[in-house]
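Worksheet: the structure to be examined is printed underneath.
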Amino acid sequence: MTLGRILHLQRLSTEDGPGIRTTVFFKGCPLRCAWCHNPESISPKPQTQWFAVRCIGCNTCLEACPNHCLSRGADGLHIDRQRCEGCGKCAQACPAGALELLGRTVSSEELLRELLKDRAYYEASGGGVTLSGGEPTLQPDFAKALLRGLKENGISTALDTCGLCSEQTLDRLLPYTDLVLFDIKLLDPAAHRRFTGASNERILSNLLHILDFIRRAERPPALWIRTPLIPAATDSDENLRAIGSYLAEHLDGAVSRWELCAFNNLCRDQYTRLGLEWDYAGLPLMTAEELARCEQAAKSSGLRPDLVLATGATRAPQLVESES
Amino acid sequence: MATCTLEKPRYAVKTPYNLSPRIQWLRDYYFQGVRRAWNNEYTSWTTGTPWDFQYNELSFYIVPETYAFLQTFRSAFRQTARRVHLHPDFWKWSLPERRAWFNYQVMVNYLPKEILPGDLLAGARFNVQTSCCLNRGEARQRDRQIYGPKGARAAMLWFHNHGYGNAGATSGHLIPDYARVLREGWKSIHADLERRYQALSPAERRGKKGGQLRAMMTAATMPRDLAAAYARECARLAESESDPVRRAELLQMAANLQRVPWEPAETFWEAVQSLWLTHMLVMADENYPGPGDSFGRLDQYLYPYWQASIRAGMDPEFGKEILKCFWIHCNTAYDGMIRTGGNQGITAGYGQLFTLSGMGPGGRDMSNDLTYVLLDVIDEMSPILEPKPNVRLHRNSPDKLLDRVVEMIASSQGSPFLLNFDERSMAGMLREARKAGLQHLINEDNVHDYAPVGCLENTMVGNDRSGTVDANLNLLKAVELALTGGYDLIPFTDPMTGQTEKPVRWSEATGDPTRFETWEQFWEAYAAQTRHIVRRIVELYEQSEAGRARFHPTPYLSCLVRGCAEKGMDITEGGAEINFVTIEAVTFATTVDSLLAVKYLVYDEKVCTMAELIQALKDNWVGHEVLQARALHKAPKYGRDDDAADEMARRVMELWAEETWKYKTRSTNRQFRPGMLSWNYWVADSFILPASPDGRPRGKFLSNALCPSNGADINGPTANVNSVGKALGGKARDGQADWQDYVNLLPNGGSHTMTFNPSLLRDPEHRAKFKAFLRGYIENGGTALQINMVDADILRDAQKHPENYRHLLVRVTGYNAYFTSIGRELQNEIIARESHQMR
């Protein structure tokens with residue numbers, strides 16, 4: 001039995017590969033991207049979060065916490081995150097589901113049973129299961145057990161990765177992977193270090209390693225590249241053209257899609273709930289024009305333009321004043 | 001920015017398109033409502049006797065909103081009734097003969113015949129309240145059965161007030177054998193009746209059978225003579241018509257009407273004319289506009305006429321024009337009570353349902369050119385309430401059909417049709433055949449010919465009345481009775497006198513639940529109470545069924561349902577070959593979740609004692625908020641694809657469904673069968689039923705039909721669908737299943753509504769994914785699905801600016817409603833429904 005720590009499952013997922021999929025969000029990530037859209041997935045440890053709107057103010061949780069990390073102030077519940085060990089006792093005790101433990105430990109067998117429940121939809125749509133996160137390669141044994149189990153059951157698999165892992169890990173996972181969703185955020189190593197906390201050298205060498213596998217494998221996985229469009233970080237014409245020409249030069253014929261994913265600010269509340277500041281909290285969605293400009297830059301980068309796909313919500317052209 | 005001069009609607013709402021000036025005029029004219037020169041509002045007709053009346057309230061016992069007006073309607077129609085001069089022998093005839101003759105007189109000789117400018121079909125006035133034609137003795141006897149202290153009305157009110165639900169023998173909800181009329185003409189039906197009558201012995205002719213067949217023969221001449229009258233009107237209009245094109249149309253209409261519906265139809269125009277006149281007279285015969293009087297597989301039986309006319313040179317656009325006139329005519333059903341307010345008093349669809357596509361022999365798909373023509377007509381005419389389309393899908397449905405279906409869903413708010421799923425539906429039909437010993441009528445070879453009526457209720461065609469909204473039972477009442485050992489949890493208080501009933505044990509003494517030591521003991525009490533409430537609704541229904549069978553024959557409709565002529569028996573007496581009464585269970589998910597909550601709170605986790613739980617419910621959860629939160633948020637729920645919770649759902653389903661098979665009506669020998677429709681009762685009855693263990697306080701809506709409770713389906717749409725399929729019995733190995741590997745505990749089918757965010761259909765790639773979702777539904781889901789494609793923002797805007805959204809249709813349950821015409825409570829309910837996002 002292989003155990004792993006995941007955040008949650010997203011069923012009927014339509015944005016993480018072809019067809020209808022279930023996406024498994026792993027907990028824990030080696031990068032620290034300034035714009036991270038899933039802050040709850042960064043730490044590999046369980047974390048507690050509190051939803052003000054669900055709280056009925058019964059204070060059951062205060063008693064439940066063995067470390068006395070919880071207190072209630074005028075502005076709601078306070079979690080002492082220095083002392084919180086993520087034991088989950090408060091979430092268990094909370095009658096209203098206002099306290100949640102992020103990160104549950106689950107066996108690969110149990111998770112597999114859940115994932116197989118949507119087989120009919122995978123089969124009808126050419127979909128399957130995507131391992132995402134966080135970073136699935138941080139839990140290689142668990143990821144491998146899942147991918148292998150899915151393949152044994154005839155389910156198509158996808159691995160959504162930031163690319164920062166060992167070659168050995170990739171070698172263990174790729175034989176059970178039908179599609180690799182590979183993130184390239186920035187091509188310039190210094191900028192990459194500045195925005196994500198790590199250089200991209202290993203990431204790019206892993207990409208070439210995957211390419212090597214694709215060239216050798218009997219049934220090679222498909223490869224999609226994904227680039228988040230972050231204003232003033234990744235969305236410059238320069239960066240997009242650099243990534244595109246890199247792909248054209250090194251991965252010609254191996255890449256079947258390059259997705260540009262527009263910046264999204266829906267995770268704002270998630271930062272607040274985790275007691276974190278977010279540099280991008282005040283940033284609005286991109287305009288349709290900005291998104292089109294990025295798409296254009298990518299399409300003129302040297303990679304086949306029909307492989308470029310820009311996705312994501314954009315700002316409404318005229319904001320309608322909300323009525324009081 | 002410059003200031004806005006006019007506030008435009010913020011969201012585009014589906015509007016009609018590609019309408020010719022003729023259809024645009026007819027549609028606009030229709031929506032003028034009471035400002036039209038004449039309309040199809042009820043006219044009332046009397047024999048002139050002092051005891052005469054028209055309004056048969058039994059048909060309305062399933063509409064609690066009308067209870068306060070039953071006497072008003074009866075009086076109003078009586079006071080405004082016009083006299084019909086009776087035949088000298090009238091009172092010597094049997095009741096069916098009187099009724100057939102009287103309706104013939106009203107329809108053929110008394111009502112005006114009118115044709116609207118440009119209209120291509122005749123047949124305008126059919127909303128009538130005709131005399132029940134009772135003699136003095138019959139009237140007195142009926143009054144005793146209905147109004148006495150132990151009469152049907154008092155029993156019905158008691159049942160409703162105590163939260164059990166409602167029941168009454170109502171009209172329609174069947175598919176008459178229209179295909180036969182087109183194929184053979186009324187001539188052949190009449191000749192067949194004549195033959196059967198001639199074959200009777202003299203004693204039989206003098207008896208009941210003879211009277212019934214004579215009544216049916218009279219009724220069978222009504223369409224012929226009414227068509228002749230309309231033919232004369234068309235000819236008269238043609239004479240004074242100066243436009244040669246219109247003149248030719250009127251002359252052709254006159255020619256059509258001289259042939260059909262008496263003769264078999266030959267052209268498409270004749271077929272649609274024959275269908276309309278035959279159909280509208282069913283509504284006249286039953287004195288009820290369009291209550292689930294359904295057309296069945298329109299694209300199948302109209303197809304030969306379509307092909308013939310196309311081959312003969314008919315422009316397909318003209319064929320669509322005929323169909324669009326048919327659409328307008330169907331909507332005039334709503335004229336019945338046209339003066340009752342905004343949107344002409346229309347809130348819900350009446351349910352003149354027609355069916356498109358679906359399986360044929362050997363699993364073959366039956367889509368044809370006319371299927372797509374009819375889909376175009378739906379798209380071009382919508383939003384409009386009638387007729388109501390239903391598209392049948394199955395494993396072999398072609399991509400072309402699904403593409404069109406998804407495209408139409410994408411451009412509408414409440415999808416313009418309901419989807420029916422053949423495999424699961426057919427499994428249910430075969431189950432009922434097995435349960436009722438009807439394999440000679442429903443079997444592997446013909447089950448694909450089934451079609452839904454009303455909203456989504458599956459029946460066979462032309463020989464089947466299954467009483468699909470006749471009995472509506474709140475399963476939750478059994479939980480309440482198990483918690484009290486047979487008493488009402490909160491005694492009924494009469495709203496007029498303010499008097500509260502003394503506690504009475506109405507039901508089985510299942511014991512004091514605070515003494516139960518195990519969950520299984522509680523389950524046994526629940527099971528006993530379920531047996532009780534099913535028996536109770538069967539008994540209630542019997543009263544109105546017997547009343548209708550004795551006093552309210554419908555000889556015209558009986559001509560159109562196989563079995564009646566053969567048996568010489570009216571359809572109201574059980575004349576149809578296939579006779580079921582469907583008990584439609586309401587509150588399913590609330591019941592399942594309540595049982596799950598009792599098990600979780602009291603027995604598994606021991607969060608509280610049974611006594612504490614009961615007290616919390618008596619207090620409507622006030623002062624017990626922590627326990628209520630646990631019930632709401634911690635207890636398991638149906639709708640999450642949680643196998644343990646869904647097994648409880650299946651167990652609840654099996655228990656009550658099996659119970660229904662134990663009963664038949666005494667007066668008419670109709671077998672009860674299970675289904676889940678729950679019309680709008682889950683809204684209104686939520687104010688009657690007290691707080692429930694799932695955390696719901698009184699007044700918070702109950703669950704709708706087969707759907708999970710609002711907001712319970714936290715694992716998304718696929719999990720929701722999988723739970724629904726499992727509750728119906730899921731799949732089993734061949735041989736243990738009802739059809740192929742499908743099980744379906746509900747032959748009638750169950751209503752399942754889902755709301756999606758429009759963004760998920762934003763591009764071809766996502767539309768393909770939605771198509772695949774529907775294919776997944778075929779494998780894992782229920783019998784019928786209704787889709788709302790709205791986000792909450794549109795609805796909130798529509799609440800603020802109803803004037804901008806008069807035509808915004810949303811699916812409620814099995815029917816569409818104009819969002820701005822429904823009550824605030826239901827509006828809020830629809831907004832609160834979890835909007836499923838595909839992310």
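Order determines the names: the first chain of the structure tokens is A, the second B, and so forth; residues in each chain are numbered 1 upward, and ligands are numbered 1 upward as they are shown.
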May I have a table of the residues of chain B lying at most 9 Å from chain A, giving each one's closest pair of atoms and their distance in Å to one decimal, counting only C-alpha atoms, ordered by chain and ascending residue number, as JSON lines?
```
{"residue": "B:Arg10", "atom": "CA", "partner": "A:Val320", "partner_atom": "CA", "distance": 9.0}
{"residue": "B:Glu625", "atom": "CA", "partner": "A:Ile56", "partner_atom": "CA", "distance": 8.0}
{"residue": "B:Val626", "atom": "CA", "partner": "A:Pro95", "partner_atom": "CA", "distance": 6.2}
{"residue": "B:Leu627", "atom": "CA", "partner": "A:Pro95", "partner_atom": "CA", "distance": 7.4}
{"residue": "B:Gln628", "atom": "CA", "partner": "A:Pro95", "partner_atom": "CA", "distance": 8.3}
{"residue": "B:Ala629", "atom": "CA", "partner": "A:Ala96", "partner_atom": "CA", "distance": 4.9}
{"residue": "B:Arg630", "atom": "CA", "partner": "A:Pro95", "partner_atom": "CA", "distance": 4.5}
{"residue": "B:Ala631", "atom": "CA", "partner": "A:Pro95", "partner_atom": "CA", "distance": 8.2}
{"residue": "B:Leu632", "atom": "CA", "partner": "A:Ala96", "partner_atom": "CA", "distance": 7.5}
{"residue": "B:His633", "atom": "CA", "partner": "A:Ala96", "partner_atom": "CA", "distance": 5.5}
{"residue": "B:Lys634", "atom": "CA", "partner": "A:Pro95", "partner_atom": "CA", "distance": 6.6}
{"residue": "B:Asp641", "atom": "CA", "partner": "A:Lys117", "partner_atom": "CA", "distance": 8.1}
{"residue": "B:Asn715", "atom": "CA", "partner": "A:Arg11", "partner_atom": "CA", "distance": 6.9}
{"residue": "B:Gly716", "atom": "CA", "partner": "A:Arg11", "partner_atom": "CA", "distance": 6.4}
{"residue": "B:Pro717", "atom": "CA", "partner": "A:Leu12", "partner_atom": "CA", "distance": 7.1}
{"residue": "B:Thr718", "atom": "CA", "partner": "A:Leu12", "partner_atom": "CA", "distance": 6.4}
{"residue": "B:Ala719", "atom": "CA", "partner": "A:Arg11", "partner_atom": "CA", "distance": 7.9}
{"residue": "B:Asn722", "atom": "CA", "partner": "A:Lys117", "partner_atom": "CA", "distance": 8.0}
{"residue": "B:Leu760", "atom": "CA", "partner": "A:Thr14", "partner_atom": "CA", "distance": 8.5}
{"residue": "B:Glu765", "atom": "CA", "partner": "A:Gly19", "partner_atom": "CA", "distance": 8.6}
{"residue": "B:His766", "atom": "CA", "partner": "A:Thr14", "partner_atom": "CA", "distance": 7.4}
{"residue": "B:Ala768", "atom": "CA", "partner": "A:Ser125", "partner_atom": "CA", "distance": 7.7}
{"residue": "B:Lys769", "atom": "CA", "partner": "A:Gly19", "partner_atom": "CA", "distance": 5.7}
{"residue": "B:Phe770", "atom": "CA", "partner": "A:Ile20", "partner_atom": "CA", "distance": 8.6}
{"residue": "B:Lys771", "atom": "CA", "partner": "A:Ser125", "partner_atom": "CA", "distance": 8.0}
{"residue": "B:Ala772", "atom": "CA", "partner": "A:Ser125", "partner_atom": "CA", "distance": 4.8}
{"residue": "B:Phe773", "atom": "CA", "partner": "A:Tyr121", "partner_atom": "CA", "distance": 5.9}
{"residue": "B:Leu774", "atom": "CA", "partner": "A:Tyr121", "partner_atom": "CA", "distance": 8.5}
{"residue": "B:Arg775", "atom": "CA", "partner": "A:Ala124", "partner_atom": "CA", "distance": 6.1}
{"residue": "B:Gly776", "atom": "CA", "partner": "A:Tyr121", "partner_atom": "CA", "distance": 4.6}
{"residue": "B:Tyr777", "atom": "CA", "partner": "A:Tyr121", "partner_atom": "CA", "distance": 8.0}
{"residue": "B:Glu779", "atom": "CA", "partner": "A:Ala120", "partner_atom": "CA", "distance": 6.6}
{"residue": "B:Asn780", "atom": "CA", "partner": "A:Ala120", "partner_atom": "CA", "distance": 7.2}
{"residue": "B:Gln837", "atom": "CA", "partner": "A:Leu12", "partner_atom": "CA", "distance": 8.8}
{"residue": "B:Met838", "atom": "CA", "partner": "A:Ser13", "partner_atom": "CA", "distance": 5.9}
{"residue": "B:Arg839", "atom": "CA", "partner": "A:Ser13", "partner_atom": "CA", "distance": 5.1}
```
Surrounding residues of Arg202 in chain A excluding itself and chain neighbours under 6 positions, 10 Å, only C-alpha atoms, as a ChimeraX atom specification | /A:163-167,208
N, CA and C atoms of the current selection, written as an mmCIF file, in the first residue's frame:
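The result, stored in out14.cif:
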```
data_model
loop_
_atom_site.group_PDB
_atom_site.id
_atom_site.type_symbol
_atom_site.label_atom_id
_atom_site.label_comp_id
_atom_site.auth_asym_id
_atom_site.auth_seq_id
_atom_site.Cartn_x
_atom_site.Cartn_y
_atom_site.Cartn_z
ATOM 1 N N GLY A 163 8.402 20.349 -13.677
ATOM 2 C CA GLY A 163 9.650 19.916 -14.291
ATOM 3 C C GLY A 163 10.846 19.869 -13.362
ATOM 4 N N LEU A 164 10.666 20.272 -12.117
ATOM 5 C CA LEU A 164 11.798 20.293 -11.194
ATOM 6 C C LEU A 164 11.807 19.001 -10.373
ATOM 7 N N CYS A 165 12.526 18.013 -10.878
ATOM 8 C CA CYS A 165 12.633 16.738 -10.168
ATOM 9 C C CYS A 165 13.848 16.011 -10.734
ATOM 10 N N SER A 166 14.105 14.843 -10.223
ATOM 11 C CA SER A 166 15.262 14.102 -10.737
ATOM 12 C C SER A 166 14.889 13.350 -12.013
ATOM 13 N N GLU A 167 15.909 13.036 -12.801
ATOM 14 C CA GLU A 167 15.660 12.263 -14.019
ATOM 15 C C GLU A 167 15.139 10.876 -13.672
ATOM 16 N N LEU A 208 14.357 18.073 -22.019
ATOM 17 C CA LEU A 208 15.081 17.366 -23.071
ATOM 18 C C LEU A 208 15.142 15.862 -22.761
#
```
(request) Assign secondary structure with DSSP using the backbone only, and return the residues of range 359-499 of chain B in helix (DSSP H, G or I) as an NGL selection string. (result) :B and (361-363 or 369-381 or 399-410 or 422-436 or 447-449 or 476-484)
*asked:* Neighbouring residues of His448 in chain B were defined as those with any atom within 7 Å, considering only C-alpha atoms; residues of the same chain fewer than 2 positions away were excluded. Please report them as a ChimeraX atom specification.
replied: /B:359-361,426,446,450
Take the residues from that selection and put them in a file with C-alpha atoms, as a compact mmCIF listing (two decimals), in the first residue's frame.
```txt
# COMPACT_ATOMS: atom_id res chain seq x y z
CA MET B 359 -33.97 3.75 -30.53
CA GLY B 360 -35.69 1.46 -32.98
CA PRO B 361 -35.59 -2.29 -33.43
CA MET B 426 -36.62 0.74 -21.37
CA ASN B 446 -41.57 -3.32 -28.89
CA TYR B 450 -42.19 3.78 -25.52
```
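Of the listed residues A:Leu309, A:Ile155, A:Leu223, A:Leu147, the one whose atoms come nearest to Ala262 in chain A is A:Leu309, with distances taken using only C-alpha atoms.
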Cut-off 12 Å: closest range 322-411 of chain B/range 288-306 of chain B atom pairs per residue, using only C-alpha atoms, as CSV:
```
residue,atom,partner,partner_atom,distance
B:Ile322,CA,B:Trp306,CA,11.3
B:Leu323,CA,B:Leu302,CA,11.0
B:His329,CA,B:Gly290,CA,11.3
B:Cys330,CA,B:Gly290,CA,8.1
B:Asn331,CA,B:Gly290,CA,9.2
B:Thr332,CA,B:Pro289,CA,8.9
B:Ala333,CA,B:Pro289,CA,5.1
B:Tyr334,CA,B:Pro289,CA,7.2
B:Asp335,CA,B:Pro289,CA,8.8
B:Gly336,CA,B:Pro289,CA,7.0
B:Met337,CA,B:Pro289,CA,10.0
B:Ala348,CA,B:Pro291,CA,10.9
B:Gly349,CA,B:Pro291,CA,8.9
B:Tyr350,CA,B:Pro291,CA,5.2
B:Gly351,CA,B:Gly292,CA,4.4
B:Gln352,CA,B:Ser294,CA,4.7
B:Leu353,CA,B:Ser294,CA,4.5
B:Phe354,CA,B:Phe295,CA,4.9
B:Thr355,CA,B:Arg297,CA,4.7
B:Leu356,CA,B:Asp299,CA,5.8
B:Ser357,CA,B:Asp299,CA,7.1
B:Gly358,CA,B:Arg297,CA,8.9
B:Met359,CA,B:Arg297,CA,11.0
B:Gly360,CA,B:Gln300,CA,10.2
B:Asp365,CA,B:Gln300,CA,11.5
B:Met366,CA,B:Gln300,CA,7.7
B:Ser367,CA,B:Asp299,CA,7.9
B:Asn368,CA,B:Asp299,CA,7.4
B:Asp369,CA,B:Tyr303,CA,8.2
B:Leu370,CA,B:Asp299,CA,5.6
B:Thr371,CA,B:Asp299,CA,5.3
B:Tyr372,CA,B:Asp299,CA,8.9
B:Val373,CA,B:Asp299,CA,9.0
B:Leu374,CA,B:Asp299,CA,7.5
B:Leu375,CA,B:Asp299,CA,10.0
B:Leu385,CA,B:Gly290,CA,11.6
B:Glu386,CA,B:Gly290,CA,9.3
B:Pro387,CA,B:Ser294,CA,8.7
B:Lys388,CA,B:Ser294,CA,8.8
B:Pro389,CA,B:Phe295,CA,9.8
B:Asn390,CA,B:Gly296,CA,9.4
B:Val391,CA,B:Arg297,CA,9.7
B:Arg392,CA,B:Arg297,CA,9.7
```
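What separates CA of Ile714 in chain B from CA of Asn788 in chain B is a distance of 18.0 Å.
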Could you name the residues that touch Glu277 in chain A at 12 Å or less, counting only C-alpha atoms, but leaving out those on the same chain fewer than 4 positions away, as a short mmCIF file (atom, residue, chain, number, x, y, z; two decimals) with C-alpha atoms, in the first residue's frame?
```
data_model
loop_
_atom_site.label_atom_id
_atom_site.label_comp_id
_atom_site.auth_asym_id
_atom_site.auth_seq_id
_atom_site.Cartn_x
_atom_site.Cartn_y
_atom_site.Cartn_z
CA ALA A 34 5.33 34.64 -6.74
CA TRP A 35 1.99 34.37 -8.54
CA CYS A 36 1.12 30.85 -7.36
CA PRO A 39 -1.03 28.50 -2.43
CA CYS A 267 -7.20 32.48 -5.39
CA ARG A 268 -7.14 35.79 -3.49
CA ASP A 269 -9.35 34.50 -0.70
CA GLN A 270 -7.26 31.37 -0.46
CA TYR A 271 -4.23 33.48 0.47
CA THR A 272 -6.26 35.31 3.09
CA ARG A 273 -7.54 32.07 4.58
CA ALA A 281 -3.94 40.43 -4.88
CA GLY A 282 -4.78 43.81 -6.39
#
```
Extract, using only C-alpha atoms, all DNA, RNA and protein residues at most 10 Å from Gly28 in chain A, discarding same-chain residues fewer than 6 positions from it, and format them as a PDB file with N, CA and C atoms, in the first residue's frame.
```pdb
ATOM      1  N   ARG A   5      -0.188  12.292  -0.015  1.00  0.00           N
ATOM      2  CA  ARG A   5      -0.949  13.402   0.563  1.00  0.00           C
ATOM      3  C   ARG A   5      -1.487  14.269  -0.574  1.00  0.00           C
ATOM      4  N   ILE A   6      -2.779  14.393  -0.597  1.00  0.00           N
ATOM      5  CA  ILE A   6      -3.404  15.185  -1.663  1.00  0.00           C
ATOM      6  C   ILE A   6      -4.297  16.254  -1.056  1.00  0.00           C
ATOM      7  N   LEU A   7      -4.606  17.242  -1.864  1.00  0.00           N
ATOM      8  CA  LEU A   7      -5.537  18.291  -1.435  1.00  0.00           C
ATOM      9  C   LEU A   7      -6.963  17.840  -1.705  1.00  0.00           C
ATOM     10  N   PRO A  39      -1.950  28.377  -3.567  1.00  0.00           N
ATOM     11  CA  PRO A  39      -1.027  28.504  -2.433  1.00  0.00           C
ATOM     12  C   PRO A  39      -1.185  27.367  -1.419  1.00  0.00           C
ATOM     13  N   GLU A  40      -2.368  26.772  -1.379  1.00  0.00           N
ATOM     14  CA  GLU A  40      -2.587  25.688  -0.431  1.00  0.00           C
ATOM     15  C   GLU A  40      -1.794  24.436  -0.808  1.00  0.00           C
ATOM     16  N   SER A  41      -1.277  24.436  -2.047  1.00  0.00           N
ATOM     17  CA  SER A  41      -0.562  23.235  -2.497  1.00  0.00           C
ATOM     18  C   SER A  41       0.944  23.356  -2.311  1.00  0.00           C
ATOM     19  N   ILE A  42       1.418  24.488  -1.820  1.00  0.00           N
ATOM     20  CA  ILE A  42       2.875  24.699  -1.747  1.00  0.00           C
ATOM     21  C   ILE A  42       3.508  23.841  -0.648  1.00  0.00           C
ATOM     22  N   SER A  43       2.988  23.985   0.554  1.00  0.00           N
ATOM     23  CA  SER A  43       3.587  23.248   1.674  1.00  0.00           C
ATOM     24  C   SER A  43       3.211  21.771   1.595  1.00  0.00           C
ATOM     25  N   PRO A  44       4.171  20.891   1.843  1.00  0.00           N
ATOM     26  CA  PRO A  44       3.826  19.457   1.841  1.00  0.00           C
ATOM     27  C   PRO A  44       3.071  19.049   3.106  1.00  0.00           C
ATOM     28  N   LYS A  45       3.044  19.952   4.095  1.00  0.00           N
ATOM     29  CA  LYS A  45       2.404  19.589   5.360  1.00  0.00           C
ATOM     30  C   LYS A  45       0.915  19.940   5.340  1.00  0.00           C
ATOM     31  N   PRO A  46       0.125  19.260   6.176  1.00  0.00           N
ATOM     32  CA  PRO A  46      -1.289  19.641   6.288  1.00  0.00           C
ATOM     33  C   PRO A  46      -1.403  21.036   6.898  1.00  0.00           C
ATOM     34  N   GLY A 103      -5.008  18.895   2.931  1.00  0.00           N
ATOM     35  CA  GLY A 103      -4.022  17.827   2.836  1.00  0.00           C
ATOM     36  C   GLY A 103      -4.490  16.600   3.585  1.00  0.00           C
ATOM     37  N   GLY A 133      -1.043  19.543  -9.117  1.00  0.00           N
ATOM     38  CA  GLY A 133      -0.772  19.945  -7.734  1.00  0.00           C
ATOM     39  C   GLY A 133      -0.701  21.427  -7.562  1.00  0.00           C
ATOM     40  N   GLY A 134       0.274  21.753  -6.702  1.00  0.00           N
ATOM     41  CA  GLY A 134       1.405  21.032  -6.150  1.00  0.00           C
ATOM     42  C   GLY A 134       2.184  20.305  -7.244  1.00  0.00           C
ATOM     43  N   GLU A 135       3.001  19.424  -6.810  1.00  0.00           N
ATOM     44  CA  GLU A 135       3.892  18.765  -7.752  1.00  0.00           C
ATOM     45  C   GLU A 135       3.873  17.258  -7.519  1.00  0.00           C
ATOM     46  N   PRO A 136       3.305  16.507  -8.465  1.00  0.00           N
ATOM     47  CA  PRO A 136       3.200  15.057  -8.285  1.00  0.00           C
ATOM     48  C   PRO A 136       4.555  14.367  -8.161  1.00  0.00           C
ATOM     49  N   THR A 137       5.575  14.926  -8.809  1.00  0.00           N
ATOM     50  CA  THR A 137       6.865  14.221  -8.776  1.00  0.00           C
ATOM     51  C   THR A 137       7.526  14.302  -7.402  1.00  0.00           C
ATOM     52  N   LEU A 138       7.010  15.154  -6.489  1.00  0.00           N
ATOM     53  CA  LEU A 138       7.531  15.195  -5.122  1.00  0.00           C
ATOM     54  C   LEU A 138       7.138  13.945  -4.337  1.00  0.00           C
ATOM     55  N   GLN A 139       6.102  13.223  -4.820  1.00  0.00           N
ATOM     56  CA  GLN A 139       5.690  11.975  -4.165  1.00  0.00           C
ATOM     57  C   GLN A 139       5.767  10.859  -5.210  1.00  0.00           C
TER      58      GLN A 139
END
```
For Gln212 in chain B, please output as a PyMOL selection string all residues within 8 Å (counting only C-alpha atoms; exclusion window: fewer than 5 positions along the same chain).
chain B and resi 94+96-97+555+568-570
To test your reading of the structure, identify every residue in range 133-271 of chain A that backbone DSSP assigns to strand (DSSP E or B), and report it as number ranges by chain. A: 156-161, 179-183, 222-229, 255-262
When you look at Leu112 in chain A with a cut-off of 8 Å (counting only C-alpha atoms), what residues show up, excluding the ones that are within fewer than 2 positions of it in the same chain? I need them as a short mmCIF file (atom, residue, chain, number, x, y, z; two decimals) with N, CA and C atoms, in the first residue's frame.
```cif
data_model
loop_
_atom_site.label_atom_id
_atom_site.label_comp_id
_atom_site.auth_asym_id
_atom_site.auth_seq_id
_atom_site.Cartn_x
_atom_site.Cartn_y
_atom_site.Cartn_z
N SER A 108 -3.10 4.68 -2.30
CA SER A 108 -3.29 4.68 -3.75
C SER A 108 -4.47 3.81 -4.14
N GLU A 109 -4.69 2.71 -3.39
CA GLU A 109 -5.82 1.82 -3.72
C GLU A 109 -7.15 2.55 -3.54
N GLU A 110 -7.26 3.25 -2.41
CA GLU A 110 -8.51 3.95 -2.11
C GLU A 110 -8.76 5.05 -3.15
N GLU A 114 -11.82 5.76 -6.23
CA GLU A 114 -12.53 7.00 -6.51
C GLU A 114 -12.38 7.41 -7.98
N LEU A 115 -11.15 7.29 -8.46
CA LEU A 115 -10.86 7.77 -9.81
C LEU A 115 -11.58 6.94 -10.87
N LEU A 116 -11.81 5.68 -10.57
CA LEU A 116 -12.45 4.81 -11.56
C LEU A 116 -13.95 5.06 -11.68
N LEU A 146 -0.26 5.27 -8.57
CA LEU A 146 -1.53 5.73 -9.17
C LEU A 146 -1.51 5.54 -10.68
N GLY A 149 -1.64 1.93 -11.63
CA GLY A 149 -2.98 1.39 -11.37
C GLY A 149 -3.98 1.85 -12.42
N LEU A 150 -3.88 3.09 -12.81
CA LEU A 150 -4.80 3.61 -13.83
C LEU A 150 -4.58 2.91 -15.16
#
```
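Using only C-alpha atoms, the shortest contact distance between Asn206 in chain A and any of A:Gln168, A:Ser236, A:Thr177, A:Thr157 is found at A:Gln168.
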